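S.K.: Got a structure here, written out as structure tokens. Questions coming.
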Amino acid sequence: MDARFVETLTPFLPFLHGDTITEDTPLRTYGLDSMQAIELMFALEDTLGVALPDEALVEETFTTAGNLWRATQAARDTATVAAESV
């Protein structure tokens, strides 16, 4: 996970209380609810310049920081491949 991802994610976890975000960090446990998940998705898209596909917008994606990071990276990789094929 890169620093921009962690910086974007942190404000959406009100119960983090200074804990370090790792791939195993359970997002719901630290306070991410379904409404915040939508706001987080938009924030990540804006910050990282990606668009999460509809199939990534499932509960499993928002279970842990690692799952969300992998979905974000997959979206970034897909966008890179699409841009290179133009």
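Ordering of the structure tokens sets the chain letters (A, B, ...), residue numbers begin anew at 1 in every chain, and ligands are numbered from 1 in the order given.
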Which residues are near Leu9 (chain A)? Cut-off 9 Å, only C-alpha atoms, ignore same chain within fewer than 3 positions. Put them as a PDB file with N, CA and C atoms, in the first residue's frame.
M.R.:
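Below is the file that was written, result-v7.pdb:
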ATOM      1  N   ARG A   4      -0.221   7.560  -0.339  1.00  0.00           N
ATOM      2  CA  ARG A   4      -1.438   8.288  -0.725  1.00  0.00           C
ATOM      3  C   ARG A   4      -2.689   7.481  -0.398  1.00  0.00           C
ATOM      4  N   PHE A   5      -2.620   6.186  -0.595  1.00  0.00           N
ATOM      5  CA  PHE A   5      -3.744   5.310  -0.270  1.00  0.00           C
ATOM      6  C   PHE A   5      -4.034   5.367   1.231  1.00  0.00           C
ATOM      7  N   VAL A   6      -3.001   5.196   2.033  1.00  0.00           N
ATOM      8  CA  VAL A   6      -3.155   5.213   3.492  1.00  0.00           C
ATOM      9  C   VAL A   6      -3.649   6.581   3.967  1.00  0.00           C
ATOM     10  N   PHE A  12     -11.351   8.000   7.136  1.00  0.00           N
ATOM     11  CA  PHE A  12     -12.583   7.219   7.101  1.00  0.00           C
ATOM     12  C   PHE A  12     -12.630   6.149   8.196  1.00  0.00           C
ATOM     13  N   LEU A  13     -11.589   6.098   9.024  1.00  0.00           N
ATOM     14  CA  LEU A  13     -11.503   5.100  10.089  1.00  0.00           C
ATOM     15  C   LEU A  13     -11.448   5.808  11.443  1.00  0.00           C
ATOM     16  N   ILE A  21      -2.092   1.223   9.768  1.00  0.00           N
ATOM     17  CA  ILE A  21      -2.910   0.508   8.793  1.00  0.00           C
ATOM     18  C   ILE A  21      -2.028  -0.513   8.087  1.00  0.00           C
ATOM     19  N   LEU A  40     -15.423   6.987   0.476  1.00  0.00           N
ATOM     20  CA  LEU A  40     -14.028   6.549   0.371  1.00  0.00           C
ATOM     21  C   LEU A  40     -13.700   6.156  -1.065  1.00  0.00           C
ATOM     22  N   ALA A  43     -13.148   9.241  -3.001  1.00  0.00           N
ATOM     23  CA  ALA A  43     -11.892   9.868  -2.588  1.00  0.00           C
ATOM     24  C   ALA A  43     -10.691   9.143  -3.193  1.00  0.00           C
ATOM     25  N   LEU A  44     -10.729   7.814  -3.175  1.00  0.00           N
ATOM     26  CA  LEU A  44      -9.626   7.037  -3.758  1.00  0.00           C
ATOM     27  C   LEU A  44      -9.560   7.249  -5.268  1.00  0.00           C
ATOM     28  N   ALA A  65      -8.087  -3.378   4.535  1.00  0.00           N
ATOM     29  CA  ALA A  65      -7.320  -2.398   3.766  1.00  0.00           C
ATOM     30  C   ALA A  65      -6.631  -3.075   2.586  1.00  0.00           C
TER      31      ALA A  65
END
S.K.: Return as an MDAnalysis selection string the full set of residues in region 13-85 of chain A whose backbone-based DSSP assignment is helix (DSSP H, G or I).
M.R.: chainID A and resid 34:48 54:56 59:62 65:84
S.K.: Between CA of Leu68 (chain A) and CA of Asp33 (chain A), what distance in Å does the model show, to one decimal?
M.R.: 14.0 Å
S.K.: Could you state the separation of CA of Leu52 (chain A) and CA of Asp24 (chain A) in Å, given to one decimal place?
M.R.: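 For CA of Leu52 (chain A) relative to CA of Asp24 (chain A), the distance reads 20.5 Å.
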S.K.: Quick one: of A:Trp69, A:Phe15, A:Phe62, A:Phe42, who's nearest to Ala3 (chain A), counting only C-alpha atoms?
M.R.: A:Trp69
S.K.: Return the single residue from A:Met1, A:Val58, A:Ile38, A:Leu16 that is closest to Thr72 (chain A), with distances computed using only C-alpha atoms.
M.R.: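 The shortest atom-to-atom distance to Thr72 (chain A) comes from A:Met1.
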S.K.: Of the candidates A:Thr78, A:Gln36, A:Thr10, A:Thr22, which one gets nearest to Thr64 (chain A) if we count only C-alpha atoms?
M.R.: A:Thr22
S.K.: Please report the interatomic distance between CA of Arg76 (chain A) and CA of His17 (chain A) in Å with one decimal.
M.R.: 29.6 Å
S.K.: Would you list the contacts of Asn67 (chain A) as a PDB file with all heavy atoms, in the first residue's frame, taking every protein, DNA or RNA residue within 10 Å and counting only C-alpha atoms, but skipping same-chain residues closer than 4 positions in sequence?
M.R.:
ATOM      1  N   GLU A  23      -2.296  -4.446   5.705  1.00  0.00           N
ATOM      2  CA  GLU A  23      -3.184  -5.135   4.770  1.00  0.00           C
ATOM      3  C   GLU A  23      -4.317  -5.847   5.499  1.00  0.00           C
ATOM      4  O   GLU A  23      -5.388  -6.021   4.942  1.00  0.00           O
ATOM      5  CB  GLU A  23      -2.389  -6.119   3.909  1.00  0.00           C
ATOM      6  CG  GLU A  23      -1.482  -5.412   2.941  1.00  0.00           C
ATOM      7  CD  GLU A  23      -1.313  -6.155   1.636  1.00  0.00           C
ATOM      8  OE1 GLU A  23      -1.960  -7.194   1.423  1.00  0.00           O
ATOM      9  OE2 GLU A  23      -0.533  -5.665   0.820  1.00  0.00           O
ATOM     10  N   ASP A  24      -4.088  -6.255   6.734  1.00  0.00           N
ATOM     11  CA  ASP A  24      -5.093  -6.990   7.494  1.00  0.00           C
ATOM     12  C   ASP A  24      -6.024  -6.091   8.309  1.00  0.00           C
ATOM     13  O   ASP A  24      -6.914  -6.598   8.998  1.00  0.00           O
ATOM     14  CB  ASP A  24      -4.409  -7.988   8.437  1.00  0.00           C
ATOM     15  CG  ASP A  24      -3.639  -9.050   7.677  1.00  0.00           C
ATOM     16  OD1 ASP A  24      -4.112  -9.465   6.600  1.00  0.00           O
ATOM     17  OD2 ASP A  24      -2.561  -9.462   8.161  1.00  0.00           O
ATOM     18  N   THR A  25      -5.846  -4.789   8.249  1.00  0.00           N
ATOM     19  CA  THR A  25      -6.687  -3.876   9.024  1.00  0.00           C
ATOM     20  C   THR A  25      -8.146  -4.047   8.622  1.00  0.00           C
ATOM     21  O   THR A  25      -8.503  -3.840   7.455  1.00  0.00           O
ATOM     22  CB  THR A  25      -6.252  -2.415   8.801  1.00  0.00           C
ATOM     23  OG1 THR A  25      -4.909  -2.251   9.266  1.00  0.00           O
ATOM     24  CG2 THR A  25      -7.156  -1.447   9.543  1.00  0.00           C
ATOM     25  N   PRO A  26      -9.000  -4.439   9.582  1.00  0.00           N
ATOM     26  CA  PRO A  26     -10.427  -4.625   9.283  1.00  0.00           C
ATOM     27  C   PRO A  26     -11.140  -3.270   9.254  1.00  0.00           C
ATOM     28  O   PRO A  26     -11.269  -2.602  10.276  1.00  0.00           O
ATOM     29  CB  PRO A  26     -10.912  -5.497  10.439  1.00  0.00           C
ATOM     30  CG  PRO A  26      -9.984  -5.180  11.568  1.00  0.00           C
ATOM     31  CD  PRO A  26      -8.662  -4.811  10.950  1.00  0.00           C
ATOM     32  N   LEU A  27     -11.579  -2.875   8.098  1.00  0.00           N
ATOM     33  CA  LEU A  27     -12.130  -1.536   7.921  1.00  0.00           C
ATOM     34  C   LEU A  27     -13.404  -1.311   8.724  1.00  0.00           C
ATOM     35  O   LEU A  27     -13.594  -0.248   9.308  1.00  0.00           O
ATOM     36  CB  LEU A  27     -12.362  -1.260   6.438  1.00  0.00           C
ATOM     37  CG  LEU A  27     -11.112  -1.378   5.557  1.00  0.00           C
ATOM     38  CD1 LEU A  27     -11.457  -1.057   4.106  1.00  0.00           C
ATOM     39  CD2 LEU A  27      -9.995  -0.480   6.063  1.00  0.00           C
ATOM     40  N   ALA A  56     -16.126  -4.499  -8.437  1.00  0.00           N
ATOM     41  CA  ALA A  56     -15.299  -4.320  -7.239  1.00  0.00           C
ATOM     42  C   ALA A  56     -16.091  -3.723  -6.082  1.00  0.00           C
ATOM     43  O   ALA A  56     -15.613  -3.696  -4.954  1.00  0.00           O
ATOM     44  CB  ALA A  56     -14.094  -3.440  -7.546  1.00  0.00           C
ATOM     45  N   GLU A  60     -16.795  -7.618   0.150  1.00  0.00           N
ATOM     46  CA  GLU A  60     -15.455  -8.194   0.317  1.00  0.00           C
ATOM     47  C   GLU A  60     -14.347  -7.178   0.034  1.00  0.00           C
ATOM     48  O   GLU A  60     -13.320  -7.162   0.706  1.00  0.00           O
ATOM     49  CB  GLU A  60     -15.278  -9.412  -0.590  1.00  0.00           C
ATOM     50  CG  GLU A  60     -13.943 -10.103  -0.386  1.00  0.00           C
ATOM     51  CD  GLU A  60     -13.792 -11.333  -1.255  1.00  0.00           C
ATOM     52  OE1 GLU A  60     -14.801 -11.899  -1.688  1.00  0.00           O
ATOM     53  OE2 GLU A  60     -12.641 -11.717  -1.479  1.00  0.00           O
ATOM     54  N   THR A  61     -14.555  -6.311  -0.937  1.00  0.00           N
ATOM     55  CA  THR A  61     -13.556  -5.289  -1.272  1.00  0.00           C
ATOM     56  C   THR A  61     -13.274  -4.387  -0.081  1.00  0.00           C
ATOM     57  O   THR A  61     -12.131  -3.989   0.154  1.00  0.00           O
ATOM     58  CB  THR A  61     -14.037  -4.444  -2.472  1.00  0.00           C
ATOM     59  OG1 THR A  61     -14.213  -5.301  -3.599  1.00  0.00           O
ATOM     60  CG2 THR A  61     -13.041  -3.345  -2.802  1.00  0.00           C
ATOM     61  N   PHE A  62     -14.316  -4.088   0.702  1.00  0.00           N
ATOM     62  CA  PHE A  62     -14.192  -3.147   1.812  1.00  0.00           C
ATOM     63  C   PHE A  62     -14.012  -3.840   3.161  1.00  0.00           C
ATOM     64  O   PHE A  62     -14.158  -3.211   4.198  1.00  0.00           O
ATOM     65  CB  PHE A  62     -15.416  -2.217   1.834  1.00  0.00           C
ATOM     66  CG  PHE A  62     -15.485  -1.333   0.628  1.00  0.00           C
ATOM     67  CD1 PHE A  62     -16.162  -1.740  -0.517  1.00  0.00           C
ATOM     68  CD2 PHE A  62     -14.835  -0.109   0.611  1.00  0.00           C
ATOM     69  CE1 PHE A  62     -16.207  -0.929  -1.645  1.00  0.00           C
ATOM     70  CE2 PHE A  62     -14.873   0.709  -0.515  1.00  0.00           C
ATOM     71  CZ  PHE A  62     -15.560   0.296  -1.647  1.00  0.00           C
ATOM     72  N   THR A  63     -13.652  -5.124   3.147  1.00  0.00           N
ATOM     73  CA  THR A  63     -13.441  -5.867   4.385  1.00  0.00           C
ATOM     74  C   THR A  63     -12.136  -5.484   5.063  1.00  0.00           C
ATOM     75  O   THR A  63     -12.100  -5.215   6.256  1.00  0.00           O
ATOM     76  CB  THR A  63     -13.468  -7.390   4.119  1.00  0.00           C
ATOM     77  OG1 THR A  63     -14.709  -7.715   3.510  1.00  0.00           O
ATOM     78  CG2 THR A  63     -13.320  -8.174   5.405  1.00  0.00           C
ATOM     79  N   ALA A  71      -7.986  -4.054  -5.017  1.00  0.00           N
ATOM     80  CA  ALA A  71      -9.011  -3.623  -5.975  1.00  0.00           C
ATOM     81  C   ALA A  71      -8.594  -2.320  -6.652  1.00  0.00           C
ATOM     82  O   ALA A  71      -8.780  -2.142  -7.865  1.00  0.00           O
ATOM     83  CB  ALA A  71     -10.351  -3.453  -5.272  1.00  0.00           C
ATOM     84  N   THR A  72      -8.016  -1.423  -5.870  1.00  0.00           N
ATOM     85  CA  THR A  72      -7.547  -0.146  -6.413  1.00  0.00           C
ATOM     86  C   THR A  72      -6.410  -0.366  -7.402  1.00  0.00           C
ATOM     87  O   THR A  72      -6.389   0.232  -8.477  1.00  0.00           O
ATOM     88  CB  THR A  72      -7.093   0.782  -5.267  1.00  0.00           C
ATOM     89  OG1 THR A  72      -8.187   0.957  -4.362  1.00  0.00           O
ATOM     90  CG2 THR A  72      -6.645   2.127  -5.778  1.00  0.00           C
ATOM     91  N   GLN A  73      -5.477  -1.246  -7.045  1.00  0.00           N
ATOM     92  CA  GLN A  73      -4.356  -1.548  -7.940  1.00  0.00           C
ATOM     93  C   GLN A  73      -4.839  -2.222  -9.217  1.00  0.00           C
ATOM     94  O   GLN A  73      -4.330  -1.932 -10.295  1.00  0.00           O
ATOM     95  CB  GLN A  73      -3.327  -2.429  -7.221  1.00  0.00           C
ATOM     96  CG  GLN A  73      -2.492  -1.676  -6.215  1.00  0.00           C
ATOM     97  CD  GLN A  73      -1.748  -0.527  -6.867  1.00  0.00           C
ATOM     98  OE1 GLN A  73      -2.123   0.629  -6.737  1.00  0.00           O
ATOM     99  NE2 GLN A  73      -0.697  -0.829  -7.567  1.00  0.00           N
TER     100      GLN A  73
END
